[in-house]
>>> print(open('start32.cif').read())   # mmCIF, C-alpha atoms (C1' of nucleotides)
data_upload
#
loop_
_atom_site.group_PDB
_atom_site.id
_atom_site.type_symbol
_atom_site.label_atom_id
_atom_site.label_comp_id
_atom_site.auth_asym_id
_atom_site.auth_seq_id
_atom_site.Cartn_x
_atom_site.Cartn_y
_atom_site.Cartn_z
ATOM 1 C CA MET A 1 106.926 47.711 172.011
ATOM 2 C CA SER A 2 106.699 45.996 175.357
ATOM 3 C CA VAL A 3 107.133 47.705 178.688
ATOM 4 C CA GLU A 4 110.296 45.706 179.227
ATOM 5 C CA ASP A 5 111.751 47.014 175.981
ATOM 6 C CA ARG A 6 110.834 50.547 176.915
ATOM 7 C CA MET A 7 112.464 50.150 180.294
ATOM 8 C CA ALA A 8 115.585 48.849 178.642
ATOM 9 C CA THR A 9 115.873 51.863 176.388
ATOM 10 C CA ILE A 10 115.157 54.485 179.021
ATOM 11 C CA HIS A 11 118.311 53.828 180.957
ATOM 12 C CA GLN A 12 121.184 51.549 180.148
ATOM 13 C CA PRO A 13 123.589 51.389 183.060
ATOM 14 C CA SER A 14 127.123 50.316 182.323
ATOM 15 C CA MET A 15 128.830 47.924 184.668
ATOM 16 C CA HIS A 16 132.161 49.210 183.570
ATOM 17 C CA ALA A 17 131.264 52.724 184.645
ATOM 18 C CA MET A 18 129.408 51.648 187.765
ATOM 19 C CA CYS A 19 131.775 49.428 189.647
ATOM 20 C CA GLY A 20 134.482 52.028 189.261
ATOM 21 C CA HIS A 21 138.174 51.425 189.410
ATOM 22 C CA ASP A 22 138.750 53.243 192.629
ATOM 23 C CA PRO A 23 139.662 50.383 194.967
ATOM 24 C CA MET A 24 137.621 51.741 197.865
ATOM 25 C CA GLU A 25 134.553 52.290 195.733
ATOM 26 C CA SER A 26 134.597 48.914 194.037
ATOM 27 C CA GLU A 27 135.186 47.234 197.389
ATOM 28 C CA LEU A 28 132.058 48.778 198.868
ATOM 29 C CA PHE A 29 130.198 47.995 195.688
ATOM 30 C CA ARG A 30 131.130 44.350 195.937
ATOM 31 C CA SER A 31 130.422 44.183 199.641
ATOM 32 C CA VAL A 32 126.878 45.350 198.954
ATOM 33 C CA LEU A 33 126.413 42.816 196.186
ATOM 34 C CA SER A 34 127.803 39.975 198.237
ATOM 35 C CA ARG A 35 125.554 40.849 201.130
ATOM 36 C CA ILE A 36 122.429 40.435 199.053
ATOM 37 C CA GLY A 37 124.040 37.478 197.325
ATOM 38 C CA ASP A 38 124.652 35.418 200.416
ATOM 39 C CA LYS A 39 122.693 32.361 201.294
ATOM 40 C CA TRP A 40 119.681 33.854 203.093
ATOM 41 C CA SER A 41 119.499 37.618 202.593
ATOM 42 C CA VAL A 42 117.506 37.555 199.381
ATOM 43 C CA MET A 43 114.845 35.332 200.855
ATOM 44 C CA LEU A 44 114.571 37.346 204.056
ATOM 45 C CA VAL A 45 114.359 40.703 202.297
ATOM 46 C CA GLY A 46 111.726 39.251 199.991
ATOM 47 C CA MET A 47 109.674 37.939 202.890
ATOM 48 C CA LEU A 48 109.878 41.126 204.912
ATOM 49 C CA HIS A 49 108.846 43.039 201.818
ATOM 50 C CA GLU A 50 105.458 41.360 202.160
ATOM 51 C CA GLY A 51 105.098 42.622 205.710
ATOM 52 C CA PRO A 52 106.622 42.615 209.207
ATOM 53 C CA ARG A 53 107.379 39.241 210.712
ATOM 54 C CA ARG A 54 108.462 37.828 214.028
ATOM 55 C CA PHE A 55 111.636 35.819 214.519
ATOM 56 C CA THR A 56 109.859 32.480 214.678
ATOM 57 C CA GLU A 57 107.677 33.282 211.692
ATOM 58 C CA LEU A 58 110.743 33.993 209.583
ATOM 59 C CA LYS A 59 112.368 30.817 210.770
ATOM 60 C CA GLN A 60 109.344 28.750 209.805
ATOM 61 C CA MET A 61 109.048 30.473 206.416
ATOM 62 C CA THR A 62 112.698 29.809 205.640
ATOM 63 C CA PRO A 63 113.207 26.069 205.451
ATOM 64 C CA GLY A 64 116.678 24.922 206.442
ATOM 65 C CA ILE A 65 117.850 28.048 208.223
ATOM 66 C CA SER A 66 119.278 27.782 211.727
ATOM 67 C CA SER A 67 118.582 30.230 214.538
ATOM 68 C CA ARG A 68 122.189 31.276 214.380
ATOM 69 C CA MET A 69 122.144 32.206 210.706
ATOM 70 C CA LEU A 70 118.726 33.818 210.960
ATOM 71 C CA THR A 71 119.941 36.091 213.742
ATOM 72 C CA HIS A 72 123.235 36.744 212.004
ATOM 73 C CA THR A 73 121.698 37.577 208.632
ATOM 74 C CA LEU A 74 119.043 39.825 210.157
ATOM 75 C CA ARG A 75 121.751 41.680 212.085
ATOM 76 C CA GLN A 76 123.716 42.298 208.898
ATOM 77 C CA LEU A 77 120.617 43.551 207.140
ATOM 78 C CA GLU A 78 119.858 45.760 210.123
ATOM 79 C CA ARG A 79 123.402 47.083 210.041
ATOM 80 C CA ASP A 80 123.019 48.086 206.414
ATOM 81 C CA GLY A 81 119.705 49.749 207.215
ATOM 82 C CA LEU A 82 117.620 47.368 205.107
ATOM 83 C CA VAL A 83 115.726 45.913 208.041
ATOM 84 C CA GLU A 84 114.370 47.364 211.259
ATOM 85 C CA ARG A 85 114.249 45.468 214.539
ATOM 86 C CA GLU A 86 111.640 46.241 217.150
ATOM 87 C CA ILE A 87 111.729 44.682 220.594
ATOM 88 C CA PHE A 88 108.697 44.374 222.835
ATOM 89 C CA ALA A 89 109.646 43.972 226.472
ATOM 90 C CA GLU A 90 107.142 41.272 227.258
ATOM 91 C CA ILE A 91 107.176 37.794 228.663
ATOM 92 C CA PRO A 92 107.626 35.827 226.533
ATOM 93 C CA PRO A 93 109.723 38.291 224.525
ATOM 94 C CA ARG A 94 108.542 39.396 221.107
ATOM 95 C CA VAL A 95 110.735 40.804 218.345
ATOM 96 C CA VAL A 96 109.324 42.081 215.087
ATOM 97 C CA TYR A 97 111.399 42.640 211.971
ATOM 98 C CA SER A 98 110.262 44.910 209.184
ATOM 99 C CA SER A 99 111.607 46.328 205.954
ATOM 100 C CA THR A 100 112.864 49.908 205.946
ATOM 101 C CA PRO A 101 112.300 52.297 203.021
ATOM 102 C CA LEU A 102 115.801 51.427 201.864
ATOM 103 C CA GLY A 103 114.952 47.743 202.073
ATOM 104 C CA LYS A 104 111.763 48.284 200.103
ATOM 105 C CA SER A 105 113.667 50.152 197.414
ATOM 106 C CA LEU A 106 115.879 47.115 196.986
ATOM 107 C CA ALA A 107 113.028 44.631 196.896
ATOM 108 C CA GLY A 108 111.906 45.605 193.392
ATOM 109 C CA PRO A 109 115.211 45.077 191.558
ATOM 110 C CA MET A 110 116.053 42.100 193.708
ATOM 111 C CA LEU A 111 112.762 40.345 193.099
ATOM 112 C CA ALA A 112 113.328 40.840 189.383
ATOM 113 C CA VAL A 113 116.559 38.866 189.664
ATOM 114 C CA ALA A 114 114.882 36.272 191.849
ATOM 115 C CA GLU A 115 112.123 35.938 189.293
ATOM 116 C CA TRP A 116 114.721 35.514 186.568
ATOM 117 C CA ALA A 117 116.328 32.729 188.599
ATOM 118 C CA SER A 118 112.954 31.100 189.070
ATOM 119 C CA ASP A 119 112.068 31.382 185.393
ATOM 120 C CA HIS A 120 115.359 29.921 184.173
ATOM 121 C CA GLN A 121 115.880 27.193 186.753
ATOM 122 C CA ALA A 122 115.100 24.410 184.311
ATOM 123 C CA GLU A 123 117.232 25.849 181.523
ATOM 124 C CA ILE A 124 120.223 26.328 183.812
ATOM 125 C CA SER A 125 119.816 22.903 185.304
ATOM 126 C CA ALA A 126 119.825 21.391 181.811
ATOM 127 C CA ASN A 127 122.869 23.441 180.823
ATOM 128 C CA ARG A 128 124.767 22.154 183.829
ATOM 129 C CA GLU A 129 123.927 18.551 183.076
ATOM 130 C CA ARG A 130 124.985 18.942 179.474
ATOM 131 C CA TYR A 131 128.229 20.627 180.469
ATOM 132 C CA ASP A 132 129.055 18.001 183.075
ATOM 133 C CA ALA A 133 128.220 15.181 180.681
ATOM 134 C CA SER A 134 130.537 16.493 177.968
ATOM 135 C CA ALA A 135 133.262 17.070 180.545
ATOM 136 C CA GLU A 136 133.539 13.474 181.701
ATOM 137 C CA ASP A 137 135.736 11.767 179.132
ATOM 138 C CA MET B 1 102.777 57.950 187.230
ATOM 139 C CA SER B 2 106.365 57.048 186.551
ATOM 140 C CA VAL B 3 107.475 54.090 184.467
ATOM 141 C CA GLU B 4 108.975 52.558 187.574
ATOM 142 C CA ASP B 5 105.608 52.731 189.339
ATOM 143 C CA ARG B 6 103.900 51.181 186.356
ATOM 144 C CA MET B 7 106.413 48.361 186.302
ATOM 145 C CA ALA B 8 105.811 47.758 189.974
ATOM 146 C CA THR B 9 102.083 47.386 189.504
ATOM 147 C CA ILE B 10 102.203 45.242 186.383
ATOM 148 C CA HIS B 11 103.707 42.255 188.099
ATOM 149 C CA GLN B 12 104.428 41.752 191.767
ATOM 150 C CA PRO B 13 106.314 38.513 192.261
ATOM 151 C CA SER B 14 106.152 36.935 195.682
ATOM 152 C CA MET B 15 109.331 35.608 197.178
ATOM 153 C CA HIS B 16 107.335 33.264 199.315
ATOM 154 C CA ALA B 17 105.752 31.677 196.270
ATOM 155 C CA MET B 18 108.906 31.756 194.174
ATOM 156 C CA CYS B 19 111.532 30.091 196.272
ATOM 157 C CA GLY B 20 109.180 27.203 196.948
ATOM 158 C CA HIS B 21 109.326 24.832 199.833
ATOM 159 C CA ASP B 22 110.273 21.799 197.867
ATOM 160 C CA PRO B 23 113.847 21.202 199.081
ATOM 161 C CA MET B 24 115.169 20.369 195.604
ATOM 162 C CA GLU B 25 113.576 23.412 194.017
ATOM 163 C CA SER B 26 114.740 25.886 196.625
ATOM 164 C CA GLU B 27 118.231 24.400 196.506
ATOM 165 C CA LEU B 28 118.522 25.028 192.782
ATOM 166 C CA PHE B 29 116.994 28.446 193.260
ATOM 167 C CA ARG B 30 119.620 29.351 195.812
ATOM 168 C CA SER B 31 122.443 27.873 193.766
ATOM 169 C CA VAL B 32 121.469 30.180 190.918
ATOM 170 C CA LEU B 33 121.300 33.203 193.191
ATOM 171 C CA SER B 34 124.608 32.425 194.855
ATOM 172 C CA ARG B 35 126.286 32.006 191.487
ATOM 173 C CA ILE B 36 125.376 35.507 190.409
ATOM 174 C CA GLY B 37 125.997 36.693 193.950
ATOM 175 C CA ASP B 38 129.551 35.510 194.219
ATOM 176 C CA LYS B 39 132.510 37.779 194.195
ATOM 177 C CA TRP B 40 133.146 38.199 190.478
ATOM 178 C CA SER B 41 130.210 36.891 188.425
ATOM 179 C CA VAL B 42 128.187 40.085 188.455
ATOM 180 C CA MET B 43 131.053 42.151 187.184
ATOM 181 C CA LEU B 44 131.993 39.663 184.473
ATOM 182 C CA VAL B 45 128.428 39.240 183.217
ATOM 183 C CA GLY B 46 128.088 43.011 183.154
ATOM 184 C CA MET B 47 131.283 43.451 181.199
ATOM 185 C CA LEU B 48 130.499 40.732 178.680
ATOM 186 C CA HIS B 49 127.079 42.291 178.224
ATOM 187 C CA GLU B 50 128.862 45.224 176.617
ATOM 188 C CA GLY B 51 130.574 42.965 174.112
ATOM 189 C CA PRO B 52 132.911 39.970 173.686
ATOM 190 C CA ARG B 53 136.223 40.151 175.473
ATOM 191 C CA ARG B 54 139.466 38.212 175.594
ATOM 192 C CA PHE B 55 140.842 36.645 178.733
ATOM 193 C CA THR B 56 143.467 39.300 179.292
ATOM 194 C CA GLU B 57 141.030 42.111 178.595
ATOM 195 C CA LEU B 58 138.688 40.801 181.267
ATOM 196 C CA LYS B 59 141.552 40.442 183.679
ATOM 197 C CA GLN B 60 142.644 44.033 183.135
ATOM 198 C CA MET B 61 139.069 45.320 183.435
ATOM 199 C CA THR B 62 138.553 43.488 186.719
ATOM 200 C CA PRO B 63 140.948 44.929 189.259
ATOM 201 C CA GLY B 64 142.047 42.477 191.922
ATOM 202 C CA ILE B 65 141.039 39.241 190.216
ATOM 203 C CA SER B 66 143.583 36.442 189.829
ATOM 204 C CA SER B 67 143.970 34.292 186.733
ATOM 205 C CA ARG B 68 142.738 31.381 188.747
ATOM 206 C CA MET B 69 139.484 33.033 189.835
ATOM 207 C CA LEU B 70 138.898 34.549 186.411
ATOM 208 C CA THR B 71 139.181 31.131 184.803
ATOM 209 C CA HIS B 72 137.117 29.490 187.495
ATOM 210 C CA THR B 73 134.309 32.051 187.419
ATOM 211 C CA LEU B 74 134.144 32.044 183.625
ATOM 212 C CA ARG B 75 133.931 28.244 183.637
ATOM 213 C CA GLN B 76 131.023 28.338 186.073
ATOM 214 C CA LEU B 77 129.237 30.911 183.944
ATOM 215 C CA GLU B 78 129.906 28.783 180.878
ATOM 216 C CA ARG B 79 128.560 25.740 182.675
ATOM 217 C CA ASP B 80 125.330 27.555 183.445
ATOM 218 C CA GLY B 81 125.085 28.667 179.830
ATOM 219 C CA LEU B 82 125.461 32.373 180.595
ATOM 220 C CA VAL B 83 128.758 32.748 178.780
ATOM 221 C CA GLU B 84 130.211 31.258 175.626
ATOM 222 C CA ARG B 85 133.875 30.406 175.159
ATOM 223 C CA GLU B 86 135.508 30.452 171.757
ATOM 224 C CA ILE B 87 139.034 29.209 171.196
ATOM 225 C CA PHE B 88 141.179 30.231 168.248
ATOM 226 C CA ALA B 89 143.978 27.766 167.572
ATOM 227 C CA GLU B 90 146.653 30.340 166.962
ATOM 228 C CA ILE B 91 150.038 31.173 168.321
ATOM 229 C CA PRO B 92 149.846 32.930 170.647
ATOM 230 C CA PRO B 93 146.483 31.421 171.648
ATOM 231 C CA ARG B 94 143.388 33.600 171.674
ATOM 232 C CA VAL B 95 140.211 32.913 173.645
ATOM 233 C CA VAL B 96 137.142 35.101 173.350
ATOM 234 C CA TYR B 97 134.318 35.097 175.853
ATOM 235 C CA SER B 98 130.879 36.392 174.996
ATOM 236 C CA SER B 99 127.449 36.575 176.559
ATOM 237 C CA THR B 100 124.812 34.058 175.452
ATOM 238 C CA PRO B 101 121.130 34.971 175.000
ATOM 239 C CA LEU B 102 120.532 33.567 178.476
ATOM 240 C CA GLY B 103 123.322 35.735 179.826
ATOM 241 C CA LYS B 104 121.886 38.779 178.117
ATOM 242 C CA SER B 105 118.469 38.068 179.581
ATOM 243 C CA LEU B 106 120.040 38.154 183.026
ATOM 244 C CA ALA B 107 121.975 41.355 182.419
ATOM 245 C CA GLY B 108 118.911 43.596 182.597
ATOM 246 C CA PRO B 109 117.637 42.561 186.040
ATOM 247 C CA MET B 110 121.169 42.179 187.346
ATOM 248 C CA LEU B 111 122.285 45.608 186.229
ATOM 249 C CA ALA B 112 119.231 47.033 187.984
ATOM 250 C CA VAL B 113 120.474 45.550 191.245
ATOM 251 C CA ALA B 114 124.005 46.708 190.536
ATOM 252 C CA GLU B 115 122.695 50.180 189.860
ATOM 253 C CA TRP B 116 120.795 50.082 193.130
ATOM 254 C CA ALA B 117 124.001 49.129 194.920
ATOM 255 C CA SER B 118 125.826 51.960 193.205
ATOM 256 C CA ASP B 119 123.104 54.473 194.029
ATOM 257 C CA HIS B 120 122.922 53.536 197.705
ATOM 258 C CA GLN B 121 126.601 53.003 198.454
ATOM 259 C CA ALA B 122 126.892 56.162 200.494
ATOM 260 C CA GLU B 123 123.695 55.563 202.433
ATOM 261 C CA ILE B 124 124.658 52.005 203.297
ATOM 262 C CA SER B 125 128.154 53.034 204.244
ATOM 263 C CA ALA B 126 126.719 55.648 206.616
ATOM 264 C CA ASN B 127 124.281 53.145 208.080
ATOM 265 C CA ARG B 128 127.116 50.751 208.817
ATOM 266 C CA GLU B 129 129.184 53.403 210.537
ATOM 267 C CA ARG B 130 126.247 54.474 212.663
ATOM 268 C CA TYR B 131 125.445 50.896 213.583
ATOM 269 C CA ASP B 132 129.039 50.079 214.477
ATOM 270 C CA ALA B 133 129.387 53.283 216.488
ATOM 271 C CA SER B 134 126.305 52.558 218.592
ATOM 272 C CA ALA B 135 127.464 48.987 219.102
ATOM 273 C CA GLU B 136 130.770 49.852 220.736
ATOM 274 C CA ASP B 137 129.916 50.672 224.359
ATOM 275 C "C1'" DC C 1 110.484 33.185 222.617
ATOM 276 C "C1'" DA C 2 114.550 34.922 220.833
ATOM 277 C "C1'" DG C 3 118.473 34.516 220.905
ATOM 278 C "C1'" DG C 4 124.057 33.874 222.609
ATOM 279 C "C1'" DA C 5 128.333 30.866 222.868
ATOM 280 C "C1'" DT C 6 131.173 27.505 221.141
ATOM 281 C "C1'" DC C 7 133.169 24.077 218.166
ATOM 282 C "C1'" DC C 8 134.164 22.574 213.756
ATOM 283 C "C1'" DG C 9 133.964 21.067 208.676
ATOM 284 C "C1'" DT C 10 133.778 22.719 204.127
ATOM 285 C "C1'" DG C 11 134.500 25.553 200.282
ATOM 286 C "C1'" DG C 12 135.606 29.823 198.225
ATOM 287 C "C1'" DT C 13 139.589 32.727 197.550
ATOM 288 C "C1'" DG C 14 144.425 34.323 197.106
ATOM 289 C "C1'" DA C 15 149.533 33.590 196.290
ATOM 290 C "C1'" DT C 16 152.878 31.437 193.920
ATOM 291 C "C1'" DA C 17 155.000 28.729 190.534
ATOM 292 C "C1'" DC C 18 154.764 26.440 186.261
ATOM 293 C "C1'" DT C 19 153.178 25.167 181.021
ATOM 294 C "C1'" DG C 20 151.381 24.342 175.876
ATOM 295 C "C1'" DC D 1 148.517 34.349 175.845
ATOM 296 C "C1'" DA D 2 145.696 31.686 178.497
ATOM 297 C "C1'" DG D 3 145.628 29.113 181.433
ATOM 298 C "C1'" DT D 4 146.896 24.702 185.280
ATOM 299 C "C1'" DA D 5 148.683 22.933 189.802
ATOM 300 C "C1'" DT D 6 149.464 23.266 194.495
ATOM 301 C "C1'" DC D 7 149.354 25.072 199.095
ATOM 302 C "C1'" DA D 8 147.283 27.673 202.650
ATOM 303 C "C1'" DC D 9 143.888 30.571 204.830
ATOM 304 C "C1'" DC D 10 139.716 31.793 206.913
ATOM 305 C "C1'" DA D 11 134.925 33.261 206.506
ATOM 306 C "C1'" DC D 12 130.524 30.994 205.860
ATOM 307 C "C1'" DG D 13 127.508 28.142 207.654
ATOM 308 C "C1'" DG D 14 125.750 23.953 210.444
ATOM 309 C "C1'" DA D 15 125.278 21.489 215.007
ATOM 310 C "C1'" DT D 16 124.850 21.606 219.680
ATOM 311 C "C1'" DC D 17 124.168 23.445 224.123
ATOM 312 C "C1'" DC D 18 122.878 27.218 227.052
ATOM 313 C "C1'" DT D 19 120.084 31.655 228.786
ATOM 314 C "C1'" DG D 20 117.125 36.044 230.096
#
>>> encode(input="start32.cif", output="C-alpha cells")
Amino acid sequence: MSVEDRMATIHQPSMHAMCGHDPMESELFRSVLSRIGDKWSVMLVGMLHEGPRRFTELKQMTPGISSRMLTHTLRQLERDGLVEREIFAEIPPRVVYSSTPLGKSLAGPMLAVAEWASDHQAEISANRERYDASAED
Amino acid sequence: MSVEDRMATIHQPSMHAMCGHDPMESELFRSVLSRIGDKWSVMLVGMLHEGPRRFTELKQMTPGISSRMLTHTLRQLERDGLVEREIFAEIPPRVVYSSTPLGKSLAGPMLAVAEWASDHQAEISANRERYDASAED
DNA sequence: CAGGATCCGTGGTGATACTG
DNA sequence: CAGTATCACCACGGATCCTG
C-alpha cells in the first residue's frame, strides 16, 4: 500500500459537506479558492515558500508579470495573511516579502495541485485538441 | 512523526522548477490552474467525485449557479477530460455527468486545498478585517 | 528600487427569454 | 429536462507614465 493510498484512506473530505449551503460560508469559501486560483497567486506563494524575496527578485522570477499586478497580488496575499511585507527605510528602498506560517501551511496542498497540473499538462493538452477537433464539423 | 510530516519530506516539489520559464509551458500550466481555480470548477469536480450526477442535481447542489454557467463549466471540464458526459435519448431527456480517471486523480490534491480553505476560513476572514481596519485612516 | 495613477480592452459572469 | 441565445456588466489584467 503506497503512502498516497494511506493518505487517501485516513481522511476523505467531502466537498458537499465542506462548501456548505450557508450563503455567507460558501461565499467566503469561494473567495479563498478564487484568490489562490487567480493568475499569479499560486506562483508567488510557491516562490515565497522557498524563501523571502525582494520585489525585483519576484518580478524577475515571474515571467510576464507587470509591476502593477505584482504589487496588487502581493497586497491581496498580505491582506489574507499569507504573505508578510517588510520595509527597510533605505536609499534605494528595499522591501522584502516572506511567507507567513499560514502561507506555509497552504504551500503543501497547493504545490500538490500545482504538481498535478504539471504532471498532466500533456494529457490535458491532448484532450483539448481531441475535443476541439471533434467539435469542428 | 505524523503522516503529514512524512508526506512533506518524501517529495518537495519546487514551484520555480515546475512552472518553467518556457512561455508555452508556463501558459499551459497557468491555464490548467485557472481552470480549476475558476468560480465553479472546484465545487463541480468535488461533487462528481462523490458519484455521477444529472444536470438538475448538480444545479440544485450548487447554490447560485445559473444554467448557463453550469453548462459552460461542465463543457470546459469535459474538454479537459476531467468529466464525462452521457446522454440518454429519452423523453424527457436525461444527461449524466461523471468523473473520469483523470478527474478522480485531481480530486485528491484539490480536496486537500479545499479542506485547507475550509479550515482557515475564520483566520483569513479575521486577517482581512484587521488589514482593512488598519488601512482606513 | 518599489511602487502609484490612469486608461482601456477583454473575458468571465449573471439575467432573461426561448427551445427540442 | 437540459440546455441555447442574447444582452449587459464590470473585475481582471496589460500598457504607459509618473514618483518618493
>>> atom_distance(input="start32.cif", atom1="CA of Ala133 in chain A", atom2="CA of Val32 in chain B")
19.4 Å
>>> residues_around(input="start32.cif", residues="Gly103 in chain B", least_positions_apart="6", cutoff="8 Å", atoms="all atoms listed in the file", output="short mmCIF file (atom, residue, chain, number, x, y, z; two decimals) with C-alpha atoms, keeping the file's coordinate frame")
data_model
loop_
_atom_site.label_atom_id
_atom_site.label_comp_id
_atom_site.auth_asym_id
_atom_site.auth_seq_id
_atom_site.Cartn_x
_atom_site.Cartn_y
_atom_site.Cartn_z
CA VAL B 45 128.43 39.24 183.22
CA HIS B 49 127.08 42.29 178.22
CA GLY B 81 125.08 28.67 179.83
CA LEU B 82 125.46 32.37 180.60
CA VAL B 83 128.76 32.75 178.78
#
>>> closest_residue(input="start32.cif", among="A:Gln60, A:Ser105, A:Thr71, A:Ser34", to="chain C", atoms="only C-alpha atoms (C1' of nucleotides)")
A:Thr71
>>> atom_distance(input="start32.cif", atom1="CA of Asp119 in chain B", atom2="CA of Arg30 in chain B")
25.4 Å
>>> resolve_selection(input="start32.cif", expression="the PyMOL selection byres ((chain A) within 6 of (chain B))", output="VMD selection string")
chain A and resid 15 34 37 46 79 to 81 109 112 to 113 124 127 to 128 131
>>> resolve_selection(input="start32.cif", expression="the PyMOL selection byres ((chain B) within 9 of (chain D))", output="list of chain:residue names")
B:Phe55, B:Thr56, B:Ser67, B:Arg68, B:Thr71, B:Ile91, B:Pro92, B:Pro93, B:Arg94, B:Val95
>>> resolve_selection(input="start32.cif", expression="the PyMOL selection byres ((chain C) within 10 of (chain A))", output="list of chain:residue names")
C:DC1, C:DA2, C:DG3, C:DG4
>>> atom_distance(input="start32.cif", atom1="CA of Thr100 in chain B", atom2="CA of Ser41 in chain A")
27.9 Å
>>> closest_residue(input="start32.cif", among="A:Lys104, A:Glu27, A:Met69, A:Ala135", to="Glu84 in chain A", atoms="only C-alpha atoms")
A:Lys104
